[in-house]
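Following: one structure in structure tokens, then a few remarks.
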Amino acid sequence: MSDIISSLYGELFEADLLAEISTCGIVKSVPKEELLIDIGSYIKHMPLLIHGAIKIIRVDNDGNELLLYFLEKGDTCAMTMTCCMGQSRSEIRAIAEVDTELILLPIEKMEEWLKYKTWRDFVFESYNSRLYEMLDAIDTLAFMNMDDRLLKYLRNKVIISKSNELRISHQDIAYELNTSRVVISRLLKRFEKENKIKIYRSRVEVLEY
DNA sequence: TCATTAACACGGG
DNA sequence: CCCGTGTTAATGA
């Protein structure tokens, strides 16, 4: 386990901290689609991603889901940090986007490790990048048309699944973008005519990036 | 004008 | 066959 951590975080953390992570951390495999954290749940561990991707979703009172951002290799969850500090419950839902492996660290350590400069930097930088991604998500929602949003969504999927063959139905895309399938089908059809993508049954091949 | 909803036929897996 | 997909018509914002 320590060699996995070293290869991922060796540049980032000092030796003492790496050793502590090895001792305290638990490696967990999470299959695709598995629910990691739900709204209202207390958080006992903070995750460090080894590989894979986790989507972070906000849910409104009617159960509508809104995609906030993805966590990828080397990322951690900013929500966890806020929850640990304030003893509050999760405001978000976290679901594995693909098969994922991560290290779970007990939350008590999170504060204790602030004595390490590299840890403080990591936490701070994490907050920064998550905030930036949320701003980007807000921009997308507020200022982009559905066709641009769909393109962006597809490109994002390509990056995260590490494949330009996306196995997803029009209905699922519509659900994630909070729109109707008719719109997605029509836009995808248009993208296909513009040679941006190819459409198969429950499958989309992205040609342009 | 463009999204949503419902309805329906087609055909791929 | 089952359900994902393409399309249309009606209605609303």
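A note on labels: chains of the structure tokens are A, B, ... as shown, every chain counts residues from 1, and ligands are counted from 1 in their shown order.
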Within 9 Å of chain B, which residues of chain A are there when counting only C-alpha atoms (C1' of nucleotides)? Please give them as a ChimeraX atom specification.
/A:179-180,182-183,201
Please, which residues of chain A lie no more than 12 Å from chain C when the count uses only C-alpha atoms (C1' of nucleotides), and can they be set out as an MDAnalysis selection string?
chainID A and resid 168:172 181:189 199:203
Counting only C-alpha atoms (C1' of nucleotides), what is within 10 Å of range 138-150 of chain A, bar same-chain residues fewer than 4 positions away, as a list in words?
Leu66, Leu68, Tyr132, Glu133, Met134, Leu154, Arg155, Asn156, Ile173, Ala174, Leu177, Asn178, Thr179, Val183, Ile184, Arg186, Leu187, Leu188, Arg190 and Phe191 of chain A
Within 6 Å of range 70-87 of chain A, counting only C-alpha atoms (C1' of nucleotides), which residues qualify if same-chain residues fewer than 3 places away don't, as a short mmCIF file (atom, residue, chain, number, x, y, z; two decimals) with N, CA and C atoms, in the first residue's frame?
```cif
data_model
loop_
_atom_site.label_atom_id
_atom_site.label_comp_id
_atom_site.auth_asym_id
_atom_site.auth_seq_id
_atom_site.Cartn_x
_atom_site.Cartn_y
_atom_site.Cartn_z
N MET A 46 -12.33 10.52 5.17
CA MET A 46 -12.15 11.35 3.99
C MET A 46 -11.43 10.54 2.92
N PRO A 47 -11.85 10.68 1.68
CA PRO A 47 -11.30 9.87 0.60
C PRO A 47 -10.13 10.55 -0.11
N LEU A 48 -9.15 9.74 -0.48
CA LEU A 48 -8.11 10.18 -1.41
C LEU A 48 -8.20 9.26 -2.62
N LEU A 49 -8.41 9.80 -3.78
CA LEU A 49 -8.60 8.94 -4.94
C LEU A 49 -7.29 8.38 -5.48
N ILE A 50 -7.29 7.09 -5.74
CA ILE A 50 -6.13 6.44 -6.36
C ILE A 50 -6.34 6.41 -7.87
N HIS A 51 -7.47 5.86 -8.29
CA HIS A 51 -7.86 5.98 -9.69
C HIS A 51 -9.37 5.87 -9.79
N ALA A 53 -13.19 7.79 -10.83
CA ALA A 53 -13.83 9.10 -10.75
C ALA A 53 -15.10 9.02 -9.93
N ILE A 54 -15.35 10.09 -9.19
CA ILE A 54 -16.57 10.16 -8.38
C ILE A 54 -17.31 11.44 -8.75
N LYS A 55 -18.61 11.30 -9.00
CA LYS A 55 -19.37 12.51 -9.30
C LYS A 55 -20.05 13.03 -8.05
N ILE A 56 -19.97 14.35 -7.90
CA ILE A 56 -20.55 15.01 -6.74
C ILE A 56 -21.81 15.74 -7.19
N TYR A 127 -9.57 22.90 -1.68
CA TYR A 127 -10.69 23.83 -1.56
C TYR A 127 -10.74 24.75 -2.76
#
```
Could you pull out the strand (DSSP E or B) residues of chain A, going by DSSP on the backbone, and write them as a PyMOL selection string?
chain A and resi 26-30+35-37+45-51+54-59+65-71+76+93-96+100-106+165-166+197-200+203-206
